[in-house]
Structure formats: C-alpha cells, structure tokens
Amino acid sequence: MLLNCYQQDLIEAGCDEAGRGCLAGPVFAAAVILPKDFYLEGLDDSKKLNHKQRETLRPLIEEQALAWAVGVVDHQEIDRINILNASFLAMHRAIEQLKIKPGYLIIDGNRFKSYPDIQHSCIIKGDGKYLNIAAASVLAKTHRDAYMNEIDKLHPEYEWRKNKGYPTITHRKIVIEQGMSPFHRKTFQVSSPQLSINFIEEE
C-alpha cells in the first residue's frame, strides 16, 4: 500500500516526469500536493496502470488534490540543455505553478536540482511508494499522452498516437526510413547502441 507522504511536518509535493526516454516530443513533469487523508483506489505508479486506468484517475486526482501543476520542456530545449537538465527544469516549472507553496518536495528518482528555498528528498521508485508521487506520475503521463495525440495529427506517419514518441521498434524503423520530424529530438540518435533494446509498444 502506498504511503500518503514522506514527512508530516511540512506541506509536501510529490514530483515525477514522463517522456524522458522518448525520441520525439517534450518531457512533461507534474507536482501534486494531496490532502493528509487522501486515498484513491487504484492509484499507483503510472507504468503499472493501463491507458484506461490512467485516464480514469486523472480527473479524480485533479479534483481532489489541494494543488497540482504540470511543467513542460519541449524538444528544442531538450536538445540545448540535455534530457537530464530538461527533466529537472520541467519539475521546476510545475512546482512554480502550484497555487500552494510546498515546504518539502519528494522527487521520483535519485537525482534532482534543488528548487530555491524548498527542501527535497529523492526517492528511488518513489512512484510506487508514495501517493503524491504516484499522482504526479499519472498527471505527467496523461498530459503528455494528450499532447502526443495532438501532434500525431500533424505527422501520423510516425504513429505517435500508439508509441507516444518512445523508441519502439516500429517508431525507430520509421525514423530510419523517413528521417526525423520537426518534433524529434536531434540529439537522440536512433542508431545509438542504447536504443537497441526491444521496447514494448505503448498502449
């Protein structure tokens, strides 16, 4: 069972990102502050949920959270500052939009660039341990999926509605055959050995 929060003394926001490993599109991040007694049946790490479950949870999280926000860093910024810094920047943009200022942040993962005047802790696999990070993971993923569905209308040949920009075998083959779109990250090389893994097609 996921825990409500990491610490009890300060207003806490959970943060997570989506799209870090994609070939195309932005990286999205979300920050979420939940009520102390928050519980939402089925809420978990977004990677453990299917598309329908995530889409069902999204409006419930947005309605019941004390505050939530989404930050975005586009593919051009990613190419300029690299994906790690872009992930941190997307989280910072989400945090700065929160209507309630948190006193503490818990970040999914093992690295983060400190946000001014707010303490933080990095939690490895935090989206499977804390409800506020799980909620952030669902919002980041669903908001990014919606964006990828929209740009799929501009370039349906890349099948972003299906793969959401992730380096699936099909997506990689299309890029190799047709070249990159204006939304692809130019610093992410399709022929790179790290992309030789057989990624599972997104739902």
# chains A, B, ... in the order shown; residues from 1 in each chain; ligands from 1
>>> select_by_dssp(residues="chain A", states="strand (DSSP E or B)", output="number ranges by chain")
A: 3, 12-18, 24, 27-33, 67-73, 104-108, 119-123, 130, 184
>>> closest_atom_pairs(of="range 11-34 of chain A", to="range 159-175 of chain A", cutoff="7 Å", atoms="only C-alpha atoms", output="tab-separated table")
residue	atom	partner	partner_atom	distance
A:Gly21	CA	A:Tyr166	CA	6.6
A:Cys22	CA	A:Tyr166	CA	4.2
A:Leu23	CA	A:Gly165	CA	5.6
A:Ala24	CA	A:Gly165	CA	4.8
A:Gly25	CA	A:Gly165	CA	6.4
>>> write_last_selection(atoms="all heavy atoms", output="tab-separated table (two decimals), in the first residue's frame")
chain	number	residue	atom	x	y	z
A	21	GLY	N	12.73	9.22	-21.94
A	21	GLY	CA	13.41	8.35	-22.88
A	21	GLY	C	12.88	8.37	-24.30
A	21	GLY	O	13.23	7.51	-25.10
A	22	CYS	N	12.05	9.35	-24.62
A	22	CYS	CA	11.42	9.40	-25.94
A	22	CYS	C	12.34	9.95	-27.02
A	22	CYS	O	13.26	10.71	-26.73
A	22	CYS	CB	10.16	10.25	-25.87
A	22	CYS	SG	8.87	9.54	-24.83
A	23	LEU	N	12.04	9.60	-28.25
A	23	LEU	CA	12.75	10.16	-29.39
A	23	LEU	C	12.15	11.48	-29.85
A	23	LEU	O	12.83	12.28	-30.49
A	23	LEU	CB	12.71	9.18	-30.57
A	23	LEU	CG	13.39	7.82	-30.39
A	23	LEU	CD1	13.19	6.98	-31.65
A	23	LEU	CD2	14.86	7.99	-30.08
A	24	ALA	N	10.88	11.67	-29.54
A	24	ALA	CA	10.17	12.86	-30.03
A	24	ALA	C	9.30	13.45	-28.94
A	24	ALA	O	8.87	12.75	-28.01
A	24	ALA	CB	9.31	12.50	-31.24
A	25	GLY	N	9.03	14.75	-29.08
A	25	GLY	CA	8.12	15.42	-28.16
A	25	GLY	C	8.80	15.93	-26.90
A	25	GLY	O	9.99	15.70	-26.67
>>> residues_around(residues="Val32 in chain A", least_positions_apart="3", cutoff="7 Å", atoms="only C-alpha atoms", output="NGL selection string")
:A and (13-15 or 65 or 67-69 or 132 or 135-136)
>>> write_last_selection(atoms="C-alpha atoms", output="PDB file, in the first residue's frame")
ATOM      1  CA  ALA A  13       4.528  17.978  -3.049  1.00  0.00           C
ATOM      2  CA  GLY A  14       5.322  14.827  -4.978  1.00  0.00           C
ATOM      3  CA  CYS A  15       7.043  15.249  -8.356  1.00  0.00           C
ATOM      4  CA  ALA A  65      -5.616  17.412  -4.900  1.00  0.00           C
ATOM      5  CA  ALA A  67      -2.853  21.775  -5.678  1.00  0.00           C
ATOM      6  CA  TRP A  68      -1.361  20.362  -8.864  1.00  0.00           C
ATOM      7  CA  ALA A  69       0.524  21.678 -11.874  1.00  0.00           C
ATOM      8  CA  ASN A 132       1.703  12.129  -4.163  1.00  0.00           C
ATOM      9  CA  ALA A 135      -0.407  11.062  -8.619  1.00  0.00           C
ATOM     10  CA  ALA A 136       2.280  13.198 -10.256  1.00  0.00           C
TER      11      ALA A 136
END
>>> select_by_dssp(residues="range 40-118 of chain A", states="alpha helix (DSSP H)", output="PyMOL selection string")
chain A and resi 51-64+75-81+83-97
>>> residues_around(residues="Ile151 in chain A", least_positions_apart="2", cutoff="12 Å", atoms="only C-alpha atoms", output="ChimeraX atom specification")
/A:24-26,144-149,153-161,164-165,181-184
>>> write_last_selection(atoms="N, CA and C atoms", output="short mmCIF file (atom, residue, chain, number, x, y, z; two decimals), in the first residue's frame")
data_model
loop_
_atom_site.label_atom_id
_atom_site.label_comp_id
_atom_site.auth_asym_id
_atom_site.auth_seq_id
_atom_site.Cartn_x
_atom_site.Cartn_y
_atom_site.Cartn_z
N ALA A 24 10.88 11.67 -29.54
CA ALA A 24 10.17 12.86 -30.03
C ALA A 24 9.30 13.45 -28.94
N GLY A 25 9.03 14.75 -29.08
CA GLY A 25 8.12 15.42 -28.16
C GLY A 25 8.80 15.93 -26.90
N PRO A 26 8.03 16.64 -26.08
CA PRO A 26 8.57 17.25 -24.86
C PRO A 26 8.71 16.24 -23.73
N ARG A 144 1.06 14.36 -21.11
CA ARG A 144 1.98 14.18 -22.24
C ARG A 144 1.34 13.34 -23.35
N ASP A 145 0.63 12.30 -22.96
CA ASP A 145 -0.06 11.47 -23.97
C ASP A 145 -1.03 12.30 -24.79
N ALA A 146 -1.77 13.18 -24.12
CA ALA A 146 -2.73 14.04 -24.82
C ALA A 146 -2.01 14.93 -25.83
N TYR A 147 -0.86 15.45 -25.44
CA TYR A 147 -0.08 16.29 -26.35
C TYR A 147 0.40 15.48 -27.56
N MET A 148 0.90 14.29 -27.32
CA MET A 148 1.39 13.46 -28.41
C MET A 148 0.27 13.05 -29.35
N ASN A 149 -0.93 12.86 -28.82
CA ASN A 149 -2.08 12.56 -29.68
C ASN A 149 -2.38 13.73 -30.61
N LYS A 153 -1.64 14.15 -35.25
CA LYS A 153 -2.49 14.61 -36.35
C LYS A 153 -1.66 15.32 -37.42
N LEU A 154 -0.54 15.92 -37.01
CA LEU A 154 0.33 16.62 -37.94
C LEU A 154 1.26 15.66 -38.67
N HIS A 155 1.65 14.59 -37.98
CA HIS A 155 2.59 13.62 -38.55
C HIS A 155 2.15 12.20 -38.22
N PRO A 156 1.03 11.76 -38.78
CA PRO A 156 0.53 10.42 -38.46
C PRO A 156 1.46 9.29 -38.88
N GLU A 157 2.39 9.59 -39.79
CA GLU A 157 3.29 8.55 -40.28
C GLU A 157 4.19 7.97 -39.19
N TYR A 158 4.41 8.74 -38.09
CA TYR A 158 5.27 8.25 -37.02
C TYR A 158 4.52 7.45 -35.95
N GLU A 159 3.20 7.37 -36.07
CA GLU A 159 2.36 6.58 -35.17
C GLU A 159 2.50 6.99 -33.70
N TRP A 160 2.59 8.30 -33.45
CA TRP A 160 2.74 8.78 -32.07
C TRP A 160 1.52 8.50 -31.22
N ARG A 161 0.37 8.35 -31.85
CA ARG A 161 -0.83 8.01 -31.07
C ARG A 161 -0.65 6.66 -30.38
N LYS A 164 3.61 7.16 -28.59
CA LYS A 164 3.80 8.36 -27.77
C LYS A 164 5.23 8.92 -27.85
N GLY A 165 5.95 8.59 -28.92
CA GLY A 165 7.29 9.11 -29.09
C GLY A 165 8.38 8.22 -28.54
N SER A 181 11.12 14.14 -37.87
CA SER A 181 10.11 15.20 -38.00
C SER A 181 10.62 16.45 -37.29
N PRO A 182 9.90 17.57 -37.41
CA PRO A 182 10.27 18.77 -36.64
C PRO A 182 10.16 18.60 -35.13
N PHE A 183 9.48 17.52 -34.68
CA PHE A 183 9.28 17.31 -33.25
C PHE A 183 10.27 16.31 -32.65
N HIS A 184 11.13 15.74 -33.46
CA HIS A 184 12.10 14.78 -32.94
C HIS A 184 13.26 15.50 -32.25
#
>>> residues_around(residues="Asn85 in chain A", least_positions_apart="5", cutoff="9 Å", atoms="only C-alpha atoms", output="CSV table (one decimal) with N, CA and C atoms, in the first residue's frame")
chain,number,residue,atom,x,y,z
A,78,ILE,N,15.3,20.5,-24.9
A,78,ILE,CA,16.0,19.3,-24.6
A,78,ILE,C,17.3,19.2,-25.3
A,90,ALA,N,11.5,20.9,-16.1
A,90,ALA,CA,10.1,20.6,-16.2
A,90,ALA,C,9.5,20.5,-14.8
A,112,PHE,N,18.2,15.3,-8.5
A,112,PHE,CA,17.4,16.5,-8.7
A,112,PHE,C,18.2,17.7,-8.4
A,113,LYS,N,17.9,18.8,-9.2
A,113,LYS,CA,18.5,20.1,-9.0
A,113,LYS,C,17.6,20.9,-8.0
>>> decode(residues="range 75-199 of chain A", atoms="C-alpha atoms", output="mmCIF file, in the first residue's frame")
data_model
loop_
_atom_site.group_PDB
_atom_site.id
_atom_site.type_symbol
_atom_site.label_atom_id
_atom_site.label_comp_id
_atom_site.auth_asym_id
_atom_site.auth_seq_id
_atom_site.Cartn_x
_atom_site.Cartn_y
_atom_site.Cartn_z
ATOM 1 C CA HIS A 75 12.253 19.014 -27.795
ATOM 2 C CA GLN A 76 14.300 22.070 -28.782
ATOM 3 C CA GLU A 77 15.105 22.914 -25.177
ATOM 4 C CA ILE A 78 15.958 19.261 -24.550
ATOM 5 C CA ASP A 79 18.483 19.400 -27.379
ATOM 6 C CA ARG A 80 20.008 22.584 -25.942
ATOM 7 C CA ILE A 81 20.341 21.593 -22.277
ATOM 8 C CA ASN A 82 20.195 17.738 -22.386
ATOM 9 C CA ILE A 83 17.410 15.498 -21.134
ATOM 10 C CA LEU A 84 18.539 15.293 -17.505
ATOM 11 C CA ASN A 85 18.529 19.074 -17.080
ATOM 12 C CA ALA A 86 15.292 19.267 -19.064
ATOM 13 C CA SER A 87 13.636 16.831 -16.634
ATOM 14 C CA PHE A 88 14.714 18.977 -13.693
ATOM 15 C CA LEU A 89 13.516 22.137 -15.460
ATOM 16 C CA ALA A 90 10.106 20.605 -16.199
ATOM 17 C CA MET A 91 9.725 19.760 -12.496
ATOM 18 C CA HIS A 92 10.759 23.291 -11.510
ATOM 19 C CA ARG A 93 8.166 24.709 -13.907
ATOM 20 C CA ALA A 94 5.490 22.520 -12.360
ATOM 21 C CA ILE A 95 6.481 23.477 -8.812
ATOM 22 C CA GLU A 96 6.471 27.209 -9.560
ATOM 23 C CA GLN A 97 2.894 26.965 -10.861
ATOM 24 C CA LEU A 98 1.481 25.361 -7.704
ATOM 25 C CA LYS A 99 -1.204 27.518 -6.074
ATOM 26 C CA ILE A 100 0.046 26.396 -2.662
ATOM 27 C CA LYS A 101 3.766 26.703 -1.952
ATOM 28 C CA PRO A 102 5.141 23.442 -0.584
ATOM 29 C CA GLY A 103 7.684 23.318 2.202
ATOM 30 C CA TYR A 104 9.042 19.965 1.094
ATOM 31 C CA LEU A 105 9.427 18.084 -2.184
ATOM 32 C CA ILE A 106 9.781 14.389 -2.824
ATOM 33 C CA ILE A 107 11.172 13.531 -6.224
ATOM 34 C CA ASP A 108 10.916 10.243 -8.064
ATOM 35 C CA GLY A 109 14.424 9.040 -8.870
ATOM 36 C CA ASN A 110 17.904 9.522 -7.466
ATOM 37 C CA ARG A 111 18.860 12.999 -8.729
ATOM 38 C CA PHE A 112 17.359 16.491 -8.662
ATOM 39 C CA LYS A 113 18.498 20.088 -8.965
ATOM 40 C CA SER A 114 17.398 21.848 -5.784
ATOM 41 C CA TYR A 115 14.453 24.200 -6.079
ATOM 42 C CA PRO A 116 15.126 27.537 -4.340
ATOM 43 C CA ASP A 117 14.171 27.631 -0.652
ATOM 44 C CA ILE A 118 12.415 24.241 -0.618
ATOM 45 C CA GLN A 119 13.906 21.112 0.930
ATOM 46 C CA HIS A 120 13.708 17.885 -1.038
ATOM 47 C CA SER A 121 14.393 14.165 -0.936
ATOM 48 C CA CYS A 122 14.913 11.867 -3.913
ATOM 49 C CA ILE A 123 13.087 8.553 -3.667
ATOM 50 C CA ILE A 124 14.133 5.708 -5.957
ATOM 51 C CA LYS A 125 10.969 4.145 -7.386
ATOM 52 C CA GLY A 126 9.029 6.701 -5.375
ATOM 53 C CA ASP A 127 6.048 6.476 -7.733
ATOM 54 C CA GLY A 128 5.426 3.003 -6.310
ATOM 55 C CA LYS A 129 5.871 4.113 -2.685
ATOM 56 C CA TYR A 130 4.113 7.470 -2.172
ATOM 57 C CA LEU A 131 0.677 8.569 -3.293
ATOM 58 C CA ASN A 132 1.703 12.129 -4.163
ATOM 59 C CA ILE A 133 4.492 10.926 -6.482
ATOM 60 C CA ALA A 134 2.157 8.312 -7.996
ATOM 61 C CA ALA A 135 -0.407 11.062 -8.619
ATOM 62 C CA ALA A 136 2.280 13.198 -10.256
ATOM 63 C CA SER A 137 3.321 10.272 -12.442
ATOM 64 C CA VAL A 138 -0.259 9.811 -13.657
ATOM 65 C CA LEU A 139 -0.702 13.518 -14.438
ATOM 66 C CA ALA A 140 2.639 13.823 -16.220
ATOM 67 C CA LYS A 141 1.936 10.741 -18.301
ATOM 68 C CA THR A 142 -1.666 11.581 -19.249
ATOM 69 C CA HIS A 143 -0.945 15.218 -20.076
ATOM 70 C CA ARG A 144 1.981 14.181 -22.239
ATOM 71 C CA ASP A 145 -0.055 11.468 -23.967
ATOM 72 C CA ALA A 146 -2.728 14.039 -24.823
ATOM 73 C CA TYR A 147 -0.076 16.293 -26.353
ATOM 74 C CA MET A 148 1.393 13.456 -28.413
ATOM 75 C CA ASN A 149 -2.082 12.561 -29.682
ATOM 76 C CA GLU A 150 -2.443 16.135 -30.941
ATOM 77 C CA ILE A 151 0.856 16.280 -32.805
ATOM 78 C CA ASP A 152 0.127 12.828 -34.225
ATOM 79 C CA LYS A 153 -2.490 14.608 -36.352
ATOM 80 C CA LEU A 154 0.329 16.622 -37.943
ATOM 81 C CA HIS A 155 2.595 13.621 -38.552
ATOM 82 C CA PRO A 156 0.529 10.422 -38.457
ATOM 83 C CA GLU A 157 3.288 8.545 -40.281
ATOM 84 C CA TYR A 158 5.272 8.248 -37.016
ATOM 85 C CA GLU A 159 2.356 6.579 -35.170
ATOM 86 C CA TRP A 160 2.742 8.776 -32.074
ATOM 87 C CA ARG A 161 -0.825 8.013 -31.068
ATOM 88 C CA LYS A 162 0.392 4.468 -30.449
ATOM 89 C CA ASN A 163 4.010 4.875 -29.359
ATOM 90 C CA LYS A 164 3.803 8.361 -27.769
ATOM 91 C CA GLY A 165 7.289 9.112 -29.095
ATOM 92 C CA TYR A 166 9.005 6.219 -27.306
ATOM 93 C CA PRO A 167 11.697 4.316 -29.228
ATOM 94 C CA THR A 168 9.646 1.264 -30.111
ATOM 95 C CA ILE A 169 10.937 -0.945 -32.903
ATOM 96 C CA THR A 170 8.287 0.418 -35.289
ATOM 97 C CA HIS A 171 8.998 4.049 -34.431
ATOM 98 C CA ARG A 172 12.730 3.588 -34.896
ATOM 99 C CA LYS A 173 12.239 1.912 -38.280
ATOM 100 C CA ILE A 174 10.024 4.768 -39.473
ATOM 101 C CA VAL A 175 12.607 7.378 -38.431
ATOM 102 C CA ILE A 176 15.392 5.455 -40.157
ATOM 103 C CA GLU A 177 13.314 5.191 -43.348
ATOM 104 C CA GLN A 178 11.732 8.670 -43.427
ATOM 105 C CA GLY A 179 14.020 10.825 -41.328
ATOM 106 C CA MET A 180 13.167 12.992 -38.348
ATOM 107 C CA SER A 181 10.110 15.196 -37.999
ATOM 108 C CA PRO A 182 10.275 18.773 -36.644
ATOM 109 C CA PHE A 183 9.282 17.309 -33.246
ATOM 110 C CA HIS A 184 12.102 14.783 -32.941
ATOM 111 C CA ARG A 185 14.981 15.347 -30.546
ATOM 112 C CA LYS A 186 18.019 15.777 -32.768
ATOM 113 C CA THR A 187 20.457 14.788 -30.009
ATOM 114 C CA PHE A 188 18.753 11.388 -29.626
ATOM 115 C CA GLN A 189 20.348 9.139 -32.223
ATOM 116 C CA VAL A 190 18.190 6.246 -33.400
ATOM 117 C CA SER A 191 21.262 4.197 -34.312
ATOM 118 C CA SER A 192 22.757 4.600 -30.835
ATOM 119 C CA PRO A 193 23.531 1.253 -29.120
ATOM 120 C CA GLN A 194 21.469 2.237 -26.081
ATOM 121 C CA LEU A 195 18.367 2.139 -28.272
ATOM 122 C CA SER A 196 18.956 -1.472 -29.352
ATOM 123 C CA ILE A 197 16.674 -2.714 -26.579
ATOM 124 C CA ASN A 198 13.382 -4.106 -27.825
ATOM 125 C CA PHE A 199 10.969 -1.631 -26.289
#
